[in-house]
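What follows is the content of query.pdb (PDB, C-alpha atoms).
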ATOM      1  CA  MET P 282       0.000   0.000   0.000
ATOM      2  CA  VAL P 283       1.172   3.482  -0.831
ATOM      3  CA  SER P 284       1.895   5.620   2.187
ATOM      4  CA  ARG P 285       2.542   9.340   1.963
ATOM      5  CA  TYR P 286       5.152   9.030   4.674
ATOM      6  CA  ASP P 287       7.723   6.934   2.875
ATOM      7  CA  PHE P 288       7.042   7.574  -0.769
ATOM      8  CA  SER P 289       9.814   7.680  -3.370
ATOM      9  CA  ARG P 290       9.690   7.203  -7.110
ATOM     10  CA  THR P 291      12.078   8.062  -9.938
ATOM     11  CA  PHE P 292      11.131   8.839 -13.533
ATOM     12  CA  GLU P 293      13.352   8.980 -16.622
ATOM     13  CA  ILE P 294      13.062  12.046 -18.885
ATOM     14  CA  LYS P 295      14.138  11.911 -22.519
ATOM     15  CA  GLY P 296      15.491  15.090 -24.076
ATOM     16  CA  ARG P 297      13.689  16.388 -27.230
ATOM     17  CA  ASP P 298      10.760  13.989 -26.732
ATOM     18  CA  PHE P 299       8.151  16.724 -27.134
ATOM     19  CA  ASN P 300       5.220  14.370 -27.583
ATOM     20  CA  LYS P 301       5.607  12.891 -24.112
ATOM     21  CA  ALA P 302       6.770  16.129 -22.489
ATOM     22  CA  GLY P 303       4.650  16.837 -19.435
ATOM     23  CA  SER P 304       3.393  13.296 -18.919
ATOM     24  CA  ILE P 305       5.652  12.665 -15.903
ATOM     25  CA  SER P 306       4.367  15.787 -14.153
ATOM     26  CA  ILE P 307       0.778  14.762 -14.778
ATOM     27  CA  ASN P 308       1.681  11.364 -13.319
ATOM     28  CA  ILE P 309       3.176  13.106 -10.275
ATOM     29  CA  LYS P 310       0.053  15.217  -9.926
ATOM     30  CA  GLU P 311      -2.112  12.095  -9.928
ATOM     31  CA  ILE P 312       0.114  10.399  -7.329
ATOM     32  CA  LEU P 313      -0.066  13.431  -5.011
ATOM     33  CA  LYS P 314      -3.843  13.591  -5.400
ATOM     34  CA  GLU P 315      -4.154   9.886  -4.570
ATOM     35  CA  LEU P 316      -2.021  10.408  -1.496
ATOM     36  CA  GLY P 317      -4.566  12.959  -0.325
ATOM     37  CA  ILE P 318      -2.280  16.007  -0.472
ATOM     38  CA  ASP P 319      -3.946  19.430  -0.200
ATOM     39  CA  GLN P 320      -5.274  20.565  -3.608
ATOM     40  CA  GLY P 321      -3.403  23.881  -3.597
ATOM     41  CA  ILE P 322      -0.097  22.175  -2.859
ATOM     42  CA  VAL P 323      -0.739  19.557  -5.562
ATOM     43  CA  ARG P 324      -1.334  22.355  -8.054
ATOM     44  CA  ARG P 325       1.857  24.229  -7.122
ATOM     45  CA  ALA P 326       3.904  21.028  -7.213
ATOM     46  CA  ALA P 327       2.447  20.056 -10.600
ATOM     47  CA  ILE P 328       3.247  23.463 -12.127
ATOM     48  CA  ALA P 329       6.812  23.499 -10.781
ATOM     49  CA  SER P 330       7.417  19.913 -11.845
ATOM     50  CA  TYR P 331       6.025  20.577 -15.336
ATOM     51  CA  GLU P 332       8.228  23.640 -15.823
ATOM     52  CA  ALA P 333      11.304  21.656 -14.738
ATOM     53  CA  GLU P 334      10.356  18.649 -16.877
ATOM     54  CA  MET P 335       9.891  20.933 -19.906
ATOM     55  CA  ASN P 336      13.311  22.494 -19.295
ATOM     56  CA  ILE P 337      14.951  19.083 -19.410
ATOM     57  CA  VAL P 338      13.017  18.034 -22.531
ATOM     58  CA  MET P 339      13.840  21.324 -24.242
ATOM     59  CA  TYR P 340      17.488  21.756 -23.323
ATOM     60  CA  ALA P 341      19.038  18.529 -22.017
ATOM     61  CA  ASN P 342      19.909  15.150 -23.511
ATOM     62  CA  LYS P 343      18.291  13.230 -20.703
ATOM     63  CA  GLY P 344      17.395  13.494 -17.067
ATOM     64  CA  GLU P 345      15.767  11.989 -14.017
ATOM     65  CA  MET P 346      13.044  13.292 -11.775
ATOM     66  CA  THR P 347      12.508  11.894  -8.287
ATOM     67  CA  LEU P 348       9.445  12.501  -6.149
ATOM     68  CA  ARG P 349       9.824  11.929  -2.417
ATOM     69  CA  LEU P 350       7.432  12.476   0.442
ATOM     70  CA  ASN P 351       7.803  12.466   4.186
ATOM     71  CA  PRO P 352       5.337  13.753   6.796
ATOM     72  CA  GLU P 353       6.695  17.313   6.479
ATOM     73  CA  VAL P 354       7.545  17.890   2.840
ATOM     74  CA  ILE P 355       7.212  16.938  -0.807
ATOM     75  CA  ARG P 356      10.626  16.977  -2.438
ATOM     76  CA  ILE P 357      11.056  16.909  -6.205
ATOM     77  CA  THR P 358      14.635  16.574  -7.398
ATOM     78  CA  LEU P 359      15.817  16.600 -10.987
ATOM     79  CA  GLU P 360      19.214  15.899 -12.499
ATOM     80  CA  ASP P 361      19.987  16.346 -16.151
ATOM     81  CA  GLU P 362      22.829  15.739 -18.545
ATOM     82  CA  GLY P 363      22.830  18.823 -20.701
ATOM     83  CA  PRO P 364      24.500  22.119 -21.523
ATOM     84  CA  GLY P 365      24.147  23.526 -18.008
ATOM     85  CA  ILE P 366      23.372  27.132 -17.106
ATOM     86  CA  GLU P 367      26.152  29.689 -17.354
ATOM     87  CA  ASN P 368      24.752  32.283 -14.978
ATOM     88  CA  ILE P 369      21.963  31.114 -12.656
ATOM     89  CA  GLU P 370      21.249  34.613 -11.382
ATOM     90  CA  ILE P 371      20.506  35.846 -14.906
ATOM     91  CA  ALA P 372      18.596  32.661 -15.803
ATOM     92  CA  MET P 373      16.293  33.274 -12.827
ATOM     93  CA  GLN P 374      15.222  36.665 -14.195
ATOM     94  CA  GLU P 375      11.760  36.780 -15.781
ATOM     95  CA  GLY P 376      12.015  37.046 -19.546
ATOM     96  CA  TYR P 377      15.586  35.798 -19.868
ATOM     97  CA  THR P 378      15.748  32.878 -22.282
ATOM     98  CA  THR P 379      18.067  30.978 -24.587
ATOM     99  CA  ALA P 380      15.189  29.180 -26.327
ATOM    100  CA  THR P 381      15.339  28.206 -29.974
ATOM    101  CA  ASP P 382      12.535  28.929 -32.468
ATOM    102  CA  GLU P 383      11.458  25.276 -32.189
ATOM    103  CA  ILE P 384      10.933  25.685 -28.446
ATOM    104  CA  ARG P 385       9.016  28.933 -28.952
ATOM    105  CA  GLU P 386       6.742  27.253 -31.468
ATOM    106  CA  MET P 387       5.823  24.781 -28.725
ATOM    107  CA  GLY P 388       4.542  27.694 -26.632
ATOM    108  CA  PHE P 389       7.542  27.768 -24.309
ATOM    109  CA  GLY P 390      10.804  29.626 -24.031
ATOM    110  CA  ALA P 391       9.407  32.893 -22.707
ATOM    111  CA  GLY P 392      11.897  33.012 -19.864
ATOM    112  CA  MET P 393       9.210  32.305 -17.280
ATOM    113  CA  GLY P 394      10.035  28.717 -16.347
ATOM    114  CA  LEU P 395      12.631  29.072 -13.594
ATOM    115  CA  PRO P 396      10.981  32.144 -11.998
ATOM    116  CA  ASN P 397       7.676  30.254 -12.035
ATOM    117  CA  ILE P 398       9.241  27.282 -10.226
ATOM    118  CA  LYS P 399      10.557  29.700  -7.612
ATOM    119  CA  LYS P 400       7.139  31.367  -7.303
ATOM    120  CA  ASN P 401       5.355  28.065  -6.683
ATOM    121  CA  ALA P 402       7.895  26.263  -4.491
ATOM    122  CA  ASP P 403       8.662  26.833  -0.817
ATOM    123  CA  ILE P 404      12.336  26.079  -1.470
ATOM    124  CA  PHE P 405      13.994  26.088  -4.877
ATOM    125  CA  GLU P 406      17.695  25.367  -5.281
ATOM    126  CA  LEU P 407      19.410  25.186  -8.632
ATOM    127  CA  LYS P 408      22.950  23.991  -9.280
ATOM    128  CA  SER P 409      24.619  23.770 -12.627
ATOM    129  CA  THR P 410      27.922  22.969 -14.275
ATOM    130  CA  VAL P 411      28.373  24.235 -17.829
ATOM    131  CA  GLY P 412      28.851  21.345 -20.233
ATOM    132  CA  LYS P 413      27.684  18.771 -17.696
ATOM    133  CA  GLY P 414      24.214  19.443 -16.437
ATOM    134  CA  THR P 415      21.805  20.979 -13.983
ATOM    135  CA  SER P 416      20.200  19.793 -10.766
ATOM    136  CA  TYR P 417      16.987  21.079  -9.198
ATOM    137  CA  ASN P 418      15.836  20.702  -5.611
ATOM    138  CA  ILE P 419      12.199  21.765  -5.241
ATOM    139  CA  VAL P 420      10.462  21.516  -1.866
ATOM    140  CA  PHE P 421       6.862  22.065  -0.742
ATOM    141  CA  TYR P 422       5.887  22.182   2.920
ATOM    142  CA  LEU P 423       2.896  19.989   3.663
ATOM    143  CA  ASN P 424       1.785  22.013   6.657
ATOM    144  CA  SER P 425       1.458  25.296   4.680
ATOM    145  CA  LYS P 426      -1.972  26.520   3.733
ATOM    146  CA  GLY P 427      -1.953  25.610   0.062
ATOM    147  CA  ASP P 428      -2.237  28.172  -2.713
ATOM    148  CA  VAL P 429       0.258  30.991  -2.890
TER     149      VAL P 429
ATOM    150  CA  MET E  58     -22.204  30.276 -17.886
ATOM    151  CA  LYS E  59     -22.500  26.666 -18.966
ATOM    152  CA  LEU E  60     -19.836  25.316 -21.294
ATOM    153  CA  ARG E  61     -22.650  24.418 -23.699
ATOM    154  CA  GLU E  62     -23.567  28.126 -23.930
ATOM    155  CA  LEU E  63     -19.932  28.962 -24.609
ATOM    156  CA  ALA E  64     -19.899  26.433 -27.457
ATOM    157  CA  ASP E  65     -23.061  28.016 -28.926
ATOM    158  CA  LEU E  66     -21.780  31.568 -28.468
ATOM    159  CA  LEU E  67     -18.514  30.812 -30.255
ATOM    160  CA  GLU E  68     -20.263  28.588 -32.831
ATOM    161  CA  ALA E  69     -17.689  26.029 -31.821
ATOM    162  CA  GLU E  70     -17.258  22.426 -32.815
ATOM    163  CA  VAL E  71     -16.930  19.995 -29.913
ATOM    164  CA  ILE E  72     -13.815  17.909 -30.532
ATOM    165  CA  CYS E  73     -14.056  15.769 -27.384
ATOM    166  CA  GLY E  74     -15.270  15.818 -23.786
ATOM    167  CA  GLU E  75     -19.010  16.369 -24.511
ATOM    168  CA  GLN E  76     -19.811  15.012 -21.059
ATOM    169  CA  HIS E  77     -18.583  18.304 -19.560
ATOM    170  CA  LEU E  78     -20.900  20.603 -21.537
ATOM    171  CA  ASP E  79     -23.344  21.098 -18.665
ATOM    172  CA  GLU E  80     -20.622  22.222 -16.242
ATOM    173  CA  LYS E  81     -20.317  25.914 -15.455
ATOM    174  CA  PHE E  82     -17.389  28.348 -15.539
ATOM    175  CA  GLU E  83     -16.863  32.019 -14.665
ATOM    176  CA  CYS E  84     -13.380  32.880 -15.783
ATOM    177  CA  ALA E  85     -11.294  32.604 -18.941
ATOM    178  CA  GLY E  86      -7.734  33.247 -20.058
ATOM    179  CA  ALA E  87      -6.251  33.591 -23.539
ATOM    180  CA  SER E  88      -2.681  33.068 -24.670
ATOM    181  CA  ASP E  89      -0.625  31.247 -27.253
ATOM    182  CA  LEU E  90       2.236  31.151 -24.813
ATOM    183  CA  MET E  91       2.030  28.166 -22.472
ATOM    184  CA  SER E  92       4.761  29.674 -20.281
ATOM    185  CA  ASP E  93       2.375  32.513 -19.453
ATOM    186  CA  VAL E  94      -0.576  30.178 -18.966
ATOM    187  CA  LEU E  95       1.479  28.245 -16.413
ATOM    188  CA  ALA E  96       2.577  31.435 -14.693
ATOM    189  CA  PHE E  97      -0.804  33.183 -14.568
ATOM    190  CA  GLY E  98      -3.470  30.546 -15.229
ATOM    191  CA  GLU E  99      -5.982  29.677 -12.530
ATOM    192  CA  SER E 100      -7.822  26.446 -11.954
ATOM    193  CA  GLY E 101     -11.320  26.283 -13.429
ATOM    194  CA  ILE E 102     -10.657  28.710 -16.286
ATOM    195  CA  VAL E 103     -11.496  28.167 -19.921
ATOM    196  CA  LEU E 104      -8.269  28.461 -21.895
ATOM    197  CA  LEU E 105      -8.474  30.085 -25.319
ATOM    198  CA  THR E 106      -5.436  29.504 -27.488
ATOM    199  CA  GLY E 107      -4.232  29.250 -31.048
ATOM    200  CA  LEU E 108      -1.593  26.714 -30.080
ATOM    201  CA  ALA E 109      -3.088  23.363 -31.016
ATOM    202  CA  ASN E 110      -0.247  21.040 -29.977
ATOM    203  CA  THR E 111      -0.128  18.429 -27.219
ATOM    204  CA  GLN E 112       1.534  20.952 -24.880
ATOM    205  CA  SER E 113      -1.642  23.055 -24.747
ATOM    206  CA  ILE E 114      -3.517  19.987 -23.496
ATOM    207  CA  GLN E 115      -0.830  19.039 -20.963
ATOM    208  CA  THR E 116      -0.763  22.646 -19.745
ATOM    209  CA  ALA E 117      -4.558  22.731 -19.420
ATOM    210  CA  GLU E 118      -4.379  19.561 -17.333
ATOM    211  CA  ILE E 119      -1.635  20.955 -15.090
ATOM    212  CA  ILE E 120      -3.494  24.205 -14.325
ATOM    213  CA  GLU E 121      -6.832  22.338 -14.103
ATOM    214  CA  ALA E 122      -8.583  24.266 -16.839
ATOM    215  CA  LYS E 123     -12.265  23.501 -17.437
ATOM    216  CA  ALA E 124     -11.883  23.438 -21.202
ATOM    217  CA  VAL E 125      -9.618  24.400 -24.081
ATOM    218  CA  VAL E 126     -10.988  26.474 -26.956
ATOM    219  CA  TYR E 127      -8.847  26.562 -30.084
ATOM    220  CA  VAL E 128      -9.365  29.761 -32.056
ATOM    221  CA  ARG E 129      -8.863  30.517 -35.773
ATOM    222  CA  GLY E 130     -10.315  27.115 -36.668
ATOM    223  CA  LYS E 131      -7.371  25.211 -35.227
ATOM    224  CA  LYS E 132      -7.754  21.627 -34.108
ATOM    225  CA  PRO E 133      -5.408  19.258 -32.326
ATOM    226  CA  ASN E 134      -3.899  16.381 -34.291
ATOM    227  CA  LYS E 135      -4.744  12.720 -33.577
ATOM    228  CA  GLU E 136      -2.226  12.486 -30.728
ATOM    229  CA  GLY E 137      -3.681  15.630 -29.181
ATOM    230  CA  ILE E 138      -7.249  14.345 -29.388
ATOM    231  CA  SER E 139      -6.365  10.975 -27.883
ATOM    232  CA  LEU E 140      -4.440  12.718 -25.097
ATOM    233  CA  ALA E 141      -7.417  14.996 -24.366
ATOM    234  CA  GLU E 142      -9.749  12.000 -24.319
ATOM    235  CA  LYS E 143      -7.415  10.191 -21.944
ATOM    236  CA  ARG E 144      -7.235  13.276 -19.704
ATOM    237  CA  ASN E 145     -10.992  13.759 -19.898
ATOM    238  CA  ILE E 146     -10.785  17.393 -21.078
ATOM    239  CA  LEU E 147     -13.394  19.287 -23.112
ATOM    240  CA  ILE E 148     -11.874  20.556 -26.367
ATOM    241  CA  LEU E 149     -13.666  23.029 -28.625
ATOM    242  CA  SER E 150     -12.681  24.629 -31.899
ATOM    243  CA  THR E 151     -14.074  27.970 -33.097
ATOM    244  CA  LYS E 152     -13.549  29.690 -36.428
ATOM    245  CA  PHE E 153     -13.474  33.064 -34.668
ATOM    246  CA  PHE E 154     -10.167  34.822 -34.140
ATOM    247  CA  MET E 155      -8.849  35.284 -30.607
ATOM    248  CA  TYR E 156     -10.052  38.887 -30.232
ATOM    249  CA  LYS E 157     -13.627  38.166 -31.229
ATOM    250  CA  ALA E 158     -13.844  34.964 -29.182
ATOM    251  CA  CYS E 159     -12.617  36.776 -26.065
ATOM    252  CA  GLY E 160     -14.827  39.797 -26.732
ATOM    253  CA  LEU E 161     -17.938  37.671 -27.019
ATOM    254  CA  LEU E 162     -17.189  35.905 -23.734
ATOM    255  CA  TYR E 163     -16.346  39.159 -21.948
ATOM    256  CA  SER E 164     -19.584  40.768 -23.168
ATOM    257  CA  LYS E 165     -21.476  37.929 -21.498
ATOM    258  CA  GLY E 166     -19.823  38.564 -18.148
ATOM    259  CA  ILE E 167     -16.959  36.058 -18.253
ATOM    260  CA  VAL E 168     -14.070  37.686 -16.404
ATOM    261  CA  GLY E 169     -10.340  37.269 -16.889
ATOM    262  CA  VAL E 170      -7.749  35.876 -14.499
ATOM    263  CA  ARG E 171      -6.436  38.129 -11.731
ATOM    264  CA  HIS E 172      -4.254  41.104 -12.636
ATOM    265  CA  LEU E 173      -0.543  41.124 -11.863
ATOM    266  CA  LYS E 174       0.038  42.233  -8.324
TER     267      LYS E 174
END
Mind turning this structure into structure tokens?
Amino acid sequence: MVSRYDFSRTFEIKGRDFNKAGSISINIKEILKELGIDQGIVRRAAIASYEAEMNIVMYANKGEMTLRLNPEVIRITLEDEGPGIENIEIAMQEGYTTATDEIREMGFGAGMGLPNIKKNADIFELKSTVGKGTSYNIVFYLNSKGDV
Amino acid sequence: MKLRELADLLEAEVICGEQHLDEKFECAGASDLMSDVLAFGESGIVLLTGLANTQSIQTAEIIEAKAVVYVRGKKPNKEGISLAEKRNILILSTKFFMYKACGLLYSKGIVGVRHLK
């Protein structure tokens, strides 16, 4: 039986697989709903996870997303093998983007992704090494009151 | 307003999700940019967009939109329709352009999402 207190699952993300892009986050959303997590928190976690998943699909070769729960927090961690981010401070600014035309045609690449993860998460940590990859640590407190 | 009234008002074709037509909604948002929909969208809105790819359907599911209305006669491809059916989302397609579709809804009292703070 699934318990929200010791939950952990890892998903593989394939770079450039635009048709499946987003499906892992929808899966995560369904898992959180089934575990009876507050609706507002589920929504924030789904948005943050989707933005991060899209980033990996758009920019990286491949990646992994892990969802973990304990009684206090939901933790979503992502690791990718990709180009990395040169300057995280600049990348976190709304409107800053390095998106290609292909990405823009998909409706993304407006430079809103990372700021939107930050807006929705309680904790958002980003680490990156140029030429190697990027890791995300996204945390949601379960005792907060839901929607931001 | 009921989603059925929205479909009539926009002379829209129902692509899938007919079972939702008797549900009601109060708020709508329009954008071709899914980044903005994710940043500013609210649950329960009707999303009007000209972007008829699978990402518009995934995005609608993530923000918990009531329905997606494709403007300018756009329709999702087969993959999009099967995804929407799987996700149980109402998809409509109107021949009206974005401005007219939004104007018609606004004139009937459908409000937009919250302003930027």
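For the residues P:Glu362, P:Glu334, P:Asp287, P:Glu315, ranking by smallest atom-to-atom distance to chain E using only C-alpha atoms places P:Glu334 first.
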Check: For chain E, which residues have at least one atom within 9 Å of chain P, if we go by all atoms listed in the file? Write them as a list in words, please.
Finding: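 Putting it all together, I get Asp89, Leu90, Met91, Ser92, Asp93, Leu95, Ala96, Ser100, Leu108, Asn110, Thr111, Gln112, Ser113, Gln115, Thr116, Glu118, Ile119, Ile120, Glu121 and Glu136 of chain E.
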May I have the centre and edge lengths, in Å to one decimal, of an axis-aligned box around the listed atoms of segment 122-129 of chain E with 5 Å added to every side, as lines of an AutoDock Vina configuration file?
center_x = -10.4
center_y = 27.0
center_z = -26.3
size_x = 13.7
size_y = 17.1
size_z = 28.9
Check: Just how far from atom CA of Leu104 of chain E is atom CA of Phe292 of chain P, in Å to one decimal?
Finding: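 Taking atom CA of Phe292 of chain P as the start and atom CA of Leu104 of chain E as the end point, the length is 28.8 Å.
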Check: Which of these residues is nearest to Val71 of chain E, using only C-alpha atoms: E:Val168, E:Met58, E:Ile148, E:Ile102?
Finding: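 Comparing E:Val168, E:Met58, E:Ile148, E:Ile102 against Val71 of chain E, the winner is E:Ile148.
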